[in-house]
$ cat target-v8.cif   # mmCIF, C-alpha atoms and all ligand atoms
data_protein
loop_
_atom_site.label_atom_id
_atom_site.label_comp_id
_atom_site.auth_asym_id
_atom_site.auth_seq_id
_atom_site.Cartn_x
_atom_site.Cartn_y
_atom_site.Cartn_z
CA MET H 1 31.98 114.63 -0.48
CA THR H 2 33.40 113.40 2.82
CA GLY H 3 36.10 110.84 2.25
CA ALA H 4 37.14 112.21 -1.14
CA THR H 5 40.87 111.90 -1.75
CA PRO H 6 42.93 114.84 -3.03
CA SER H 7 42.47 113.70 -6.65
CA GLU H 8 38.76 112.77 -6.47
CA PRO H 9 35.86 114.92 -7.63
CA GLY H 10 34.27 116.67 -4.66
CA PHE H 11 37.60 117.57 -3.08
CA ARG H 12 37.83 121.31 -2.50
CA SER H 13 40.85 123.53 -2.12
CA GLY H 14 41.57 127.21 -1.89
CA PHE H 15 42.50 130.25 0.13
CA ALA H 16 40.86 132.21 2.91
CA SER H 17 42.04 135.26 4.76
CA PHE H 18 40.99 136.64 8.13
CA VAL H 19 40.80 140.39 8.26
CA GLY H 20 39.77 142.81 10.95
CA ARG H 21 41.00 145.54 13.19
CA PRO H 22 44.16 144.95 15.22
CA ASN H 23 43.63 142.50 18.10
CA ALA H 24 40.44 141.12 16.55
CA GLY H 25 41.74 137.58 17.12
CA LYS H 26 42.80 136.67 13.57
CA SER H 27 46.07 134.94 14.44
CA THR H 28 44.52 133.03 17.33
CA LEU H 29 41.75 131.81 15.03
CA THR H 30 44.28 130.72 12.40
CA ASN H 31 46.12 128.72 15.06
CA ALA H 32 42.89 127.16 16.35
CA LEU H 33 41.89 126.05 12.84
CA VAL H 34 45.29 124.65 11.98
CA GLY H 35 45.71 123.11 15.40
CA GLN H 36 49.27 124.27 15.90
CA LYS H 37 50.83 127.60 16.59
CA VAL H 38 51.94 129.07 13.25
CA ALA H 39 51.14 132.76 13.34
CA ILE H 40 52.30 134.94 16.17
CA THR H 41 49.78 136.26 18.67
CA SER H 42 50.39 139.13 20.95
CA ASP H 43 48.35 141.45 23.14
CA LYS H 44 49.95 144.34 21.21
CA PRO H 45 48.14 145.47 18.05
CA GLN H 46 49.62 145.05 14.57
CA THR H 47 52.25 142.47 15.26
CA THR H 48 51.40 140.19 12.35
CA ARG H 49 53.73 141.58 9.69
CA THR H 50 54.59 138.42 7.85
CA VAL H 51 52.01 136.73 5.65
CA VAL H 52 51.88 133.32 7.29
CA ARG H 53 49.84 130.52 5.79
CA GLY H 54 48.33 127.88 7.98
CA ILE H 55 46.99 124.84 6.14
CA VAL H 56 43.93 122.89 7.27
CA HIS H 57 44.06 119.34 5.87
CA ARG H 58 40.80 117.42 5.78
CA PRO H 59 39.56 114.31 4.01
CA ASP H 60 37.22 116.46 1.93
CA GLY H 61 39.45 119.41 1.20
CA GLN H 62 42.35 121.68 1.93
CA LEU H 63 41.98 125.19 3.28
CA VAL H 64 44.98 127.52 3.06
CA LEU H 65 44.78 130.40 5.51
CA VAL H 66 46.57 133.57 4.62
CA ASP H 67 47.14 135.66 7.70
CA THR H 68 47.47 139.32 6.76
CA PRO H 69 48.46 142.33 8.82
CA GLY H 70 45.73 144.57 10.18
CA LEU H 71 44.61 147.37 7.88
CA HIS H 72 45.16 150.79 9.40
CA ARG H 73 45.48 154.42 8.46
CA PRO H 74 49.02 154.63 7.03
CA ARG H 75 51.33 157.05 8.82
CA THR H 76 54.65 155.65 7.66
CA LEU H 77 56.01 154.01 4.54
CA LEU H 78 55.78 150.70 6.36
CA GLY H 79 52.10 151.39 7.02
CA GLU H 80 51.44 152.04 3.33
CA ARG H 81 53.23 148.86 2.28
CA LEU H 82 51.27 146.84 4.81
CA ASN H 83 47.96 148.19 3.48
CA ASP H 84 48.96 147.36 -0.10
CA LEU H 85 49.84 143.88 1.05
CA VAL H 86 46.43 143.52 2.68
CA THR H 87 44.34 144.62 -0.32
CA SER H 88 46.33 142.59 -2.83
CA THR H 89 45.87 139.54 -0.63
CA TRP H 90 42.09 140.06 -0.54
CA ALA H 91 41.80 140.00 -4.33
CA GLU H 92 43.70 136.70 -4.56
CA VAL H 93 41.76 134.61 -2.05
CA ASP H 94 38.47 132.75 -2.39
CA VAL H 95 36.97 133.92 0.89
CA VAL H 96 37.64 136.84 3.18
CA ALA H 97 36.35 136.44 6.73
CA VAL H 98 36.03 139.71 8.63
CA CYS H 99 36.58 139.31 12.36
CA PHE H 100 34.62 141.46 14.82
CA PRO H 101 35.52 140.85 18.48
CA CYS H 102 32.41 140.43 20.69
CA ASP H 103 33.98 142.34 23.56
CA GLU H 104 34.18 145.54 21.50
CA LYS H 105 31.53 147.61 19.75
CA ILE H 106 31.67 148.01 15.97
CA GLY H 107 33.55 151.23 15.26
CA PRO H 108 34.91 153.43 12.47
CA GLY H 109 37.89 151.06 12.03
CA ASP H 110 35.55 148.16 11.22
CA ARG H 111 33.48 150.31 8.87
CA PHE H 112 36.68 151.33 7.04
CA ILE H 113 37.74 147.71 6.55
CA VAL H 114 34.31 146.56 5.36
CA SER H 115 33.97 149.42 2.88
CA GLU H 116 37.50 148.77 1.53
CA LEU H 117 36.56 145.12 1.18
CA ALA H 118 33.40 146.05 -0.72
CA LYS H 119 35.68 147.31 -3.53
CA VAL H 120 37.19 143.85 -4.05
CA LYS H 121 34.55 142.34 -6.32
CA ARG H 122 35.22 138.66 -6.92
CA THR H 123 35.93 137.55 -3.37
CA GLN H 124 33.21 135.95 -1.22
CA ARG H 125 32.89 137.42 2.27
CA ILE H 126 31.68 136.17 5.61
CA ALA H 127 31.78 137.67 9.09
CA VAL H 128 33.14 136.05 12.23
CA ALA H 129 32.12 137.29 15.67
CA THR H 130 35.26 136.40 17.63
CA LYS H 131 35.92 135.98 21.38
CA THR H 132 32.38 134.87 22.24
CA ASP H 133 33.72 133.62 25.58
CA LEU H 134 34.17 137.25 26.62
CA ALA H 135 30.54 138.31 26.06
CA SER H 136 27.07 137.49 27.40
CA PRO H 137 24.51 135.83 25.09
CA ASP H 138 22.57 139.11 24.91
CA ARG H 139 25.66 141.04 23.95
CA ILE H 140 26.54 138.43 21.30
CA GLY H 141 23.03 138.74 19.82
CA GLU H 142 23.31 142.50 19.67
CA HIS H 143 26.76 142.19 18.08
CA LEU H 144 25.49 139.82 15.36
CA LEU H 145 22.72 142.27 14.48
CA ALA H 146 25.22 145.14 14.29
CA ILE H 147 27.48 143.11 11.97
CA HIS H 148 24.51 142.27 9.74
CA ALA H 149 23.52 145.95 9.61
CA LEU H 150 27.05 146.99 8.67
CA GLY H 151 27.10 144.52 5.74
CA GLU H 152 23.78 145.91 4.48
CA GLU H 153 24.97 149.49 4.95
CA VAL H 154 27.96 149.10 2.61
CA GLY H 155 25.85 147.21 0.07
CA THR H 156 27.70 143.88 0.38
CA PRO H 157 25.82 141.73 2.91
CA PHE H 158 27.82 138.94 4.55
CA ALA H 159 27.00 135.47 3.20
CA GLU H 160 27.23 134.12 6.78
CA ILE H 161 27.89 135.48 10.26
CA VAL H 162 29.54 132.92 12.57
CA PRO H 163 30.13 133.40 16.31
CA VAL H 164 33.30 131.62 17.54
CA SER H 165 35.69 131.44 20.44
CA ALA H 166 39.15 130.41 19.27
CA THR H 167 40.49 130.04 22.81
CA ALA H 168 37.53 127.91 24.01
CA GLY H 169 37.39 126.01 20.69
CA ASP H 170 33.71 126.93 20.31
CA GLN H 171 32.30 126.70 16.75
CA VAL H 172 35.81 126.49 15.26
CA GLY H 173 34.93 123.21 13.49
CA LEU H 174 31.74 124.72 12.10
CA LEU H 175 33.72 127.67 10.74
CA ALA H 176 36.16 125.25 9.07
CA ASP H 177 33.22 123.39 7.44
CA LEU H 178 31.73 126.62 6.20
CA LEU H 179 34.99 128.00 4.77
CA LEU H 180 35.79 124.70 3.10
CA GLY H 181 32.32 124.60 1.51
CA MET H 182 32.99 127.99 -0.10
CA LEU H 183 36.13 126.81 -1.90
CA PRO H 184 36.11 125.64 -5.52
CA GLU H 185 36.57 121.98 -6.36
CA GLY H 186 40.20 121.21 -7.04
CA PRO H 187 43.20 119.12 -6.04
CA ALA H 188 45.22 119.58 -2.85
CA LEU H 189 47.61 122.53 -3.15
CA TYR H 190 50.12 121.36 -0.56
CA PRO H 191 51.45 117.95 0.50
CA ASP H 192 49.57 116.26 3.32
CA GLY H 193 50.89 117.10 6.77
CA GLU H 194 52.30 120.46 5.81
CA LEU H 195 51.07 123.17 8.15
CA THR H 196 52.70 126.24 6.71
CA ASP H 197 54.90 127.17 3.77
CA THR H 198 56.50 130.08 5.56
CA PRO H 199 60.25 129.61 5.70
CA GLU H 200 61.35 128.43 9.13
CA GLU H 201 63.54 131.52 9.45
CA ALA H 202 60.48 133.78 9.27
CA ILE H 203 58.63 131.77 11.90
CA VAL H 204 61.70 131.82 14.15
CA ALA H 205 62.03 135.59 13.66
CA ASP H 206 58.36 136.02 14.61
CA LEU H 207 58.82 133.96 17.76
CA ILE H 208 61.80 136.08 18.81
CA ARG H 209 59.86 139.26 18.10
CA GLU H 210 56.92 137.98 20.11
CA ALA H 211 59.21 137.27 23.09
CA ALA H 212 60.82 140.70 22.76
CA LEU H 213 57.45 142.50 22.67
CA ASP H 214 56.05 140.61 25.62
CA GLY H 215 56.12 142.75 28.74
CA VAL H 216 57.31 145.96 27.07
CA ARG H 217 54.06 147.62 27.91
CA ASP H 218 53.79 150.71 25.77
CA GLU H 219 57.36 151.63 25.04
CA LEU H 220 58.07 150.04 21.66
CA PRO H 221 55.18 148.16 20.12
CA HIS H 222 56.01 148.86 16.49
CA SER H 223 59.74 149.56 16.63
CA ILE H 224 61.14 146.04 16.75
CA ALA H 225 62.14 143.97 13.72
CA VAL H 226 63.96 140.65 13.90
CA VAL H 227 66.11 139.15 11.17
CA VAL H 228 67.48 135.62 11.40
CA GLU H 229 70.94 135.95 9.85
CA GLU H 230 71.88 132.31 9.98
CA MET H 231 70.23 129.11 11.10
CA GLY H 232 71.45 125.53 10.84
CA LEU H 233 72.18 122.29 12.63
CA ARG H 234 75.54 122.33 14.39
CA GLU H 235 78.08 120.11 12.69
CA GLY H 236 79.71 117.21 14.47
CA ARG H 237 76.71 116.37 16.66
CA SER H 238 75.33 112.82 16.68
CA ALA H 239 71.91 112.33 15.10
CA ASP H 240 70.25 111.69 18.46
CA ARG H 241 71.66 114.90 20.00
CA PRO H 242 71.06 117.61 17.40
CA LEU H 243 71.52 121.29 18.19
CA LEU H 244 70.14 124.08 16.05
CA ASP H 245 72.23 127.24 15.96
CA VAL H 246 70.21 130.42 15.43
CA HIS H 247 71.95 133.77 14.93
CA ALA H 248 69.51 136.66 14.95
CA ASN H 249 69.56 140.44 15.09
CA LEU H 250 66.87 142.41 16.82
CA PHE H 251 66.57 145.89 15.32
CA VAL H 252 65.29 148.94 17.16
CA GLU H 253 65.06 152.52 15.89
CA ARG H 254 66.88 154.47 18.61
CA SER H 255 69.49 153.93 21.31
CA SER H 256 66.91 154.67 24.05
CA GLN H 257 64.93 151.69 22.74
CA LYS H 258 68.05 149.56 22.76
CA GLY H 259 68.33 150.23 26.49
CA ILE H 260 64.74 149.14 27.07
CA VAL H 261 65.22 145.90 25.14
CA ILE H 262 68.49 145.02 26.85
CA GLY H 263 67.40 146.01 30.38
CA HIS H 264 69.47 146.48 33.51
CA ARG H 265 72.82 144.73 32.99
CA GLY H 266 71.29 142.75 30.10
CA ALA H 267 68.73 141.03 32.33
CA ARG H 268 65.77 141.66 30.05
CA LEU H 269 67.54 140.53 26.88
CA ARG H 270 68.62 137.31 28.63
CA ASP H 271 65.02 136.70 29.61
CA VAL H 272 63.78 137.41 26.05
CA GLY H 273 66.44 135.03 24.71
CA THR H 274 65.41 132.26 27.08
CA ARG H 275 61.72 132.57 26.26
CA ALA H 276 62.34 132.83 22.52
CA ARG H 277 64.64 129.79 22.64
CA LYS H 278 61.99 127.73 24.45
CA SER H 279 59.27 128.61 21.95
CA ILE H 280 61.57 127.83 18.99
CA GLU H 281 62.43 124.49 20.58
CA ALA H 282 58.75 123.73 21.14
CA MET H 283 57.94 124.66 17.54
CA LEU H 284 60.77 122.81 15.79
CA GLY H 285 61.31 119.99 18.29
CA THR H 286 65.09 120.49 18.41
CA PRO H 287 67.31 121.92 21.14
CA VAL H 288 68.37 125.42 20.14
CA TYR H 289 71.36 127.65 20.76
CA LEU H 290 70.16 131.22 20.26
CA ASP H 291 72.64 134.00 19.66
CA LEU H 292 70.71 137.27 19.82
CA HIS H 293 72.10 140.77 19.23
CA VAL H 294 70.38 144.12 19.50
CA LYS H 295 71.18 146.65 16.79
CA ILE H 296 70.00 150.12 15.89
CA ALA H 297 68.55 150.65 12.40
CA LYS H 298 67.80 154.34 12.61
CA ASP H 299 64.13 155.12 11.77
CA TRP H 300 63.81 151.83 9.89
CA GLN H 301 60.05 152.21 9.44
CA ARG H 302 60.55 155.27 7.22
CA ASP H 303 63.55 154.19 5.20
CA PRO H 304 62.94 152.16 1.99
CA ARG H 305 66.45 150.69 2.02
CA GLN H 306 66.15 149.50 5.60
CA LEU H 307 62.65 148.14 4.96
CA ARG H 308 63.99 146.02 2.12
CA ARG H 309 66.85 144.78 4.25
CA LEU H 310 64.45 143.83 7.01
CA GLY H 311 62.32 141.87 4.56
CA PHE H 312 59.39 144.24 3.94
N1 LIG P 1 39.21 135.40 25.48
C1 LIG P 1 39.61 135.30 24.20
N2 LIG P 1 40.70 135.95 23.79
C2 LIG P 1 41.09 135.85 22.51
C3 LIG P 1 40.37 135.05 21.58
N3 LIG P 1 40.99 135.16 20.37
C4 LIG P 1 42.04 135.98 20.56
N4 LIG P 1 42.11 136.41 21.84
C5 LIG P 1 43.11 137.32 22.43
O1 LIG P 1 43.04 138.57 21.80
C6 LIG P 1 44.34 139.12 21.60
C7 LIG P 1 44.59 139.40 20.13
O2 LIG P 1 44.56 138.17 19.41
P1 LIG P 1 45.38 137.97 18.04
O3 LIG P 1 44.99 136.63 17.52
O4 LIG P 1 46.82 138.28 18.22
O5 LIG P 1 44.71 139.12 17.18
P2 LIG P 1 45.05 139.58 15.69
O6 LIG P 1 43.76 139.98 15.10
O7 LIG P 1 45.85 138.54 14.99
O8 LIG P 1 45.91 140.87 15.99
P3 LIG P 1 46.93 141.68 15.03
O9 LIG P 1 48.05 140.76 14.73
O10 LIG P 1 47.31 142.81 15.92
O11 LIG P 1 46.16 142.14 13.85
C8 LIG P 1 45.32 138.11 22.19
O12 LIG P 1 45.64 138.52 23.51
C9 LIG P 1 44.52 136.82 22.18
O13 LIG P 1 44.93 135.93 23.20
C10 LIG P 1 39.21 134.33 22.04
O14 LIG P 1 38.52 133.60 21.33
N5 LIG P 1 38.88 134.51 23.37
#
$ encode --input "target-v8.cif" --output "structure tokens"
Amino acid sequence: MTGATPSEPGFRSGFASFVGRPNAGKSTLTNALVGQKVAITSDKPQTTRTVVRGIVHRPDGQLVLVDTPGLHRPRTLLGERLNDLVTSTWAEVDVVAVCFPCDEKIGPGDRFIVSELAKVKRTQRIAVATKTDLASPDRIGEHLLAIHALGEEVGTPFAEIVPVSATAGDQVGLLADLLLGMLPEGPALYPDGELTDTPEEAIVADLIREAALDGVRDELPHSIAVVVEEMGLREGRSADRPLLDVHANLFVERSSQKGIVIGHRGARLRDVGTRARKSIEAMLGTPVYLDLHVKIAKDWQRDPRQLRRLGF
């Protein structure tokens, strides 16, 4: 199979999705497999709102990773929509890989996800024990047994259980081999070299949101949305000195939150802008002028009209 070209028999292609409780390491694993930062990571739970696809290109196949938000008990309209998005994604992919972080015990949240997943019939499922670098070998062994027991308990045993560390790069290649082997034979779905089909605006919005969330300890984890209003190369610049103009709005729910985001005399917003600009530049390889405004969209998580406007 190795060495097959995208049109040859033996070439495999398809979709896989990482699921798991918030902070399980799904985005980091997607990035490690793709080899470039495409999905946002954050030490705050539930930040992955956009479905971002990372694409792993190999001589013997093409693996498209669909990065879904974490499933959680819905408390708002946004929460319900996110859960719908998660389950409909599961039914459309070839493999779902459930991530269980080694530094945390299996809990009711994991059981909920696995029993929801058991209802999706066609999809193959494997388990990934993530963050092995944070646990002792004994603890990892215990964790693998607990994952196995959970699969048995819900009546849908995992086809494989793979321990990995995305940050240390441990077993990431093996996981890629395994996922690829589970895909059907078929031609490449995306052109070679393409890493993601998410519009650049969405990636840029995620990077700005990531910068804005960073350091706001517990004040507003779920209350920030970013919309890129306009993005384009500035006219009149020579080809060797391009400048990308990005105009974005950062939405919060209340004026108290606006104060937190902006900071004393705008210091925090300036800092967010600088960090966001640097990560956009690193991602797109072009100098960026970032024009960032903070706006209030009152209770946007509960308002269908606002949700639509903000792209949910
Ligand atoms: N030490 C270690 N940390 C990791 C590893 N993978 C992820 N992390 C960290 O765990 C945290 C959560 O990782 P994410 O990849 O954002 O988790 P996620 O499952 O996508 O989270 P949500 O978007 O909230 O669902 C981040 O601080 C990561 O840096 C790993 O292999 N080792």
$ residues_around --input "target-v8.cif" --residues "range 250-264 of chain H" --least-positions-apart "2" --cutoff "7 Å" --atoms "only C-alpha atoms" --output "PDB file with C-alpha atoms, in the coordinates of the input"
ATOM      1  CA  SER H 223      59.740 149.560  16.630  1.00  0.00           C
ATOM      2  CA  ILE H 224      61.140 146.040  16.750  1.00  0.00           C
ATOM      3  CA  ALA H 225      62.140 143.970  13.720  1.00  0.00           C
ATOM      4  CA  VAL H 226      63.960 140.650  13.900  1.00  0.00           C
ATOM      5  CA  VAL H 227      66.110 139.150  11.170  1.00  0.00           C
ATOM      6  CA  ALA H 248      69.510 136.660  14.950  1.00  0.00           C
ATOM      7  CA  GLY H 266      71.290 142.750  30.100  1.00  0.00           C
ATOM      8  CA  ALA H 267      68.730 141.030  32.330  1.00  0.00           C
ATOM      9  CA  ARG H 268      65.770 141.660  30.050  1.00  0.00           C
ATOM     10  CA  LEU H 269      67.540 140.530  26.880  1.00  0.00           C
ATOM     11  CA  HIS H 293      72.100 140.770  19.230  1.00  0.00           C
ATOM     12  CA  VAL H 294      70.380 144.120  19.500  1.00  0.00           C
ATOM     13  CA  LYS H 295      71.180 146.650  16.790  1.00  0.00           C
ATOM     14  CA  ILE H 296      70.000 150.120  15.890  1.00  0.00           C
ATOM     15  CA  ALA H 297      68.550 150.650  12.400  1.00  0.00           C
ATOM     16  CA  LYS H 298      67.800 154.340  12.610  1.00  0.00           C
ATOM     17  CA  ASP H 299      64.130 155.120  11.770  1.00  0.00           C
ATOM     18  CA  TRP H 300      63.810 151.830   9.890  1.00  0.00           C
TER      19      TRP H 300
END
$ atom_distance --input "target-v8.cif" --atom1 "CA of Ala97 in chain H" --atom2 "CA of Ala127 in chain H"
5.3 Å
$ residues_around --input "target-v8.cif" --residues "range 12-25 of chain H" --least-positions-apart "4" --cutoff "6 Å" --atoms "only C-alpha atoms" --output "list in words"
Pro45, Gln46, Gly61, Gln62, Leu63, Val64, Leu65, Val66, Asp67, Gly70, Val93, Asp94, Val95, Val96, Ala97, Val98, Cys99, Pro101, Leu183, Pro184, Glu185, Gly186 and Ala188 of chain H
$ axis_aligned_box --input "target-v8.cif" --around "ligand LIG 1 (chain P)" --padding-each-side "6 Å" --output "JSON"
{"center_x": 43.3, "center_y": 138.2, "center_z": 19.7, "size_x": 21.5, "size_y": 21.2, "size_z": 23.6}
$ atom_distance --input "target-v8.cif" --atom1 "CA of Leu117 in chain H" --atom2 "CA of Glu160 in chain H"
15.5 Å
$ closest_residue --input "target-v8.cif" --among "H:Glu153, H:Asp206, H:Asp138, H:Glu116" --to "ligand LIG 1 (chain P)" --atoms "only C-alpha atoms and all ligand atoms"
H:Asp206
$ residues_around --input "target-v8.cif" --residues "Val288 in chain H" --least-positions-apart "4" --cutoff "7 Å" --atoms "only C-alpha atoms" --output "mmCIF file with C-alpha atoms, in the frame of the given file"
data_model
loop_
_atom_site.group_PDB
_atom_site.id
_atom_site.type_symbol
_atom_site.label_atom_id
_atom_site.label_comp_id
_atom_site.auth_asym_id
_atom_site.auth_seq_id
_atom_site.Cartn_x
_atom_site.Cartn_y
_atom_site.Cartn_z
ATOM 1 C CA LEU H 243 71.520 121.290 18.190
ATOM 2 C CA LEU H 244 70.140 124.080 16.050
ATOM 3 C CA ASP H 245 72.230 127.240 15.960
ATOM 4 C CA ARG H 277 64.640 129.790 22.640
ATOM 5 C CA GLU H 281 62.430 124.490 20.580
#
$ residues_near_point --input "target-v8.cif" --point "(55.4, 136.4, 28.7)" --cutoff "10 Å" --atoms "all atoms listed in the file" --output "PyMOL selection string"
chain H and resi 42+210-216+271-272+275-276
$ residues_around --input "target-v8.cif" --residues "Gly173 in chain H" --least-positions-apart "5" --cutoff "10 Å" --atoms "all atoms listed in the file" --output "JSON list (two decimals) with C-alpha atoms, keeping the file's coordinate frame"
[["chain", "number", "residue", "atom", "x", "y", "z"],
["H", 32, "ALA", "CA", 42.89, 127.16, 16.35],
["H", 33, "LEU", "CA", 41.89, 126.05, 12.84],
["H", 164, "VAL", "CA", 33.30, 131.62, 17.54],
["H", 178, "LEU", "CA", 31.73, 126.62, 6.20],
["H", 179, "LEU", "CA", 34.99, 128.00, 4.77]]
$ decode --input "target-v8.cif" --residues "range 197-271 of chain H" --atoms "C-alpha atoms" --output "mmCIF file, in the first residue's frame"
data_model
loop_
_atom_site.group_PDB
_atom_site.id
_atom_site.type_symbol
_atom_site.label_atom_id
_atom_site.label_comp_id
_atom_site.auth_asym_id
_atom_site.auth_seq_id
_atom_site.Cartn_x
_atom_site.Cartn_y
_atom_site.Cartn_z
ATOM 1 C CA ASP H 197 -10.334 23.997 4.261
ATOM 2 C CA THR H 198 -11.486 26.389 6.943
ATOM 3 C CA PRO H 199 -11.755 29.883 5.523
ATOM 4 C CA GLU H 200 -8.804 32.014 6.560
ATOM 5 C CA GLU H 201 -11.191 34.450 8.234
ATOM 6 C CA ALA H 202 -12.350 31.744 10.656
ATOM 7 C CA ILE H 203 -8.795 30.772 11.537
ATOM 8 C CA VAL H 204 -7.879 34.426 12.051
ATOM 9 C CA ALA H 205 -10.954 34.914 14.261
ATOM 10 C CA ASP H 206 -9.926 31.873 16.325
ATOM 11 C CA LEU H 207 -6.408 33.225 16.777
ATOM 12 C CA ILE H 208 -7.764 36.572 17.992
ATOM 13 C CA ARG H 209 -10.145 34.806 20.363
ATOM 14 C CA GLU H 210 -7.321 32.664 21.690
ATOM 15 C CA ALA H 211 -5.231 35.786 22.396
ATOM 16 C CA ALA H 212 -8.191 37.486 24.067
ATOM 17 C CA LEU H 213 -8.907 34.485 26.324
ATOM 18 C CA ASP H 214 -5.304 34.055 27.344
ATOM 19 C CA GLY H 215 -4.723 35.418 30.827
ATOM 20 C CA VAL H 216 -8.357 36.236 31.608
ATOM 21 C CA ARG H 217 -8.360 33.657 34.341
ATOM 22 C CA ASP H 218 -11.954 32.939 35.191
ATOM 23 C CA GLU H 219 -13.777 36.085 34.237
ATOM 24 C CA LEU H 220 -15.068 35.402 30.732
ATOM 25 C CA PRO H 221 -14.226 31.991 29.337
ATOM 26 C CA HIS H 222 -17.342 31.545 27.226
ATOM 27 C CA SER H 223 -18.449 35.121 26.628
ATOM 28 C CA ILE H 224 -16.130 36.143 23.815
ATOM 29 C CA ALA H 225 -16.893 35.813 20.108
ATOM 30 C CA VAL H 226 -14.757 37.262 17.332
ATOM 31 C CA VAL H 227 -15.934 38.155 13.849
ATOM 32 C CA VAL H 228 -13.526 39.186 11.104
ATOM 33 C CA GLU H 229 -15.456 41.884 9.252
ATOM 34 C CA GLU H 230 -12.958 42.474 6.500
ATOM 35 C CA MET H 231 -9.624 41.039 5.512
ATOM 36 C CA GLY H 232 -7.479 41.747 2.463
ATOM 37 C CA LEU H 233 -4.092 42.761 1.131
ATOM 38 C CA ARG H 234 -3.564 46.511 1.240
ATOM 39 C CA GLU H 235 -3.615 48.072 -2.210
ATOM 40 C CA GLY H 236 -0.647 49.952 -3.592
ATOM 41 C CA ARG H 237 1.995 47.857 -1.819
ATOM 42 C CA SER H 238 4.792 46.258 -3.845
ATOM 43 C CA ALA H 239 4.714 42.464 -4.134
ATOM 44 C CA ASP H 240 7.757 42.050 -1.885
ATOM 45 C CA ARG H 241 6.251 44.211 0.896
ATOM 46 C CA PRO H 242 2.673 42.974 1.300
ATOM 47 C CA LEU H 243 0.505 44.027 4.228
ATOM 48 C CA LEU H 244 -2.674 42.239 5.225
ATOM 49 C CA ASP H 245 -5.374 44.444 6.714
ATOM 50 C CA VAL H 246 -7.614 42.671 9.223
ATOM 51 C CA HIS H 247 -10.657 44.421 10.685
ATOM 52 C CA ALA H 248 -12.242 42.429 13.478
ATOM 53 C CA ASN H 249 -14.846 42.873 16.187
ATOM 54 C CA LEU H 250 -14.571 41.170 19.528
ATOM 55 C CA PHE H 251 -18.004 40.681 21.073
ATOM 56 C CA VAL H 252 -18.693 40.416 24.794
ATOM 57 C CA GLU H 253 -22.051 40.091 26.536
ATOM 58 C CA ARG H 254 -21.938 42.925 29.078
ATOM 59 C CA SER H 255 -20.212 46.258 29.628
ATOM 60 C CA SER H 256 -18.398 44.898 32.711
ATOM 61 C CA GLN H 257 -16.791 42.316 30.421
ATOM 62 C CA LYS H 258 -15.853 45.032 27.964
ATOM 63 C CA GLY H 259 -13.849 46.677 30.745
ATOM 64 C CA ILE H 260 -12.012 43.441 31.485
ATOM 65 C CA VAL H 261 -11.104 42.901 27.841
ATOM 66 C CA ILE H 262 -9.934 46.471 27.300
ATOM 67 C CA GLY H 263 -8.040 46.795 30.604
ATOM 68 C CA HIS H 264 -6.645 49.884 32.303
ATOM 69 C CA ARG H 265 -6.377 52.649 29.685
ATOM 70 C CA GLY H 266 -6.642 50.021 26.926
ATOM 71 C CA ALA H 267 -3.429 48.266 27.971
ATOM 72 C CA ARG H 268 -4.868 44.764 27.872
ATOM 73 C CA LEU H 269 -6.543 45.186 24.485
ATOM 74 C CA ARG H 270 -3.274 46.508 23.030
ATOM 75 C CA ASP H 271 -1.499 43.448 24.373
#
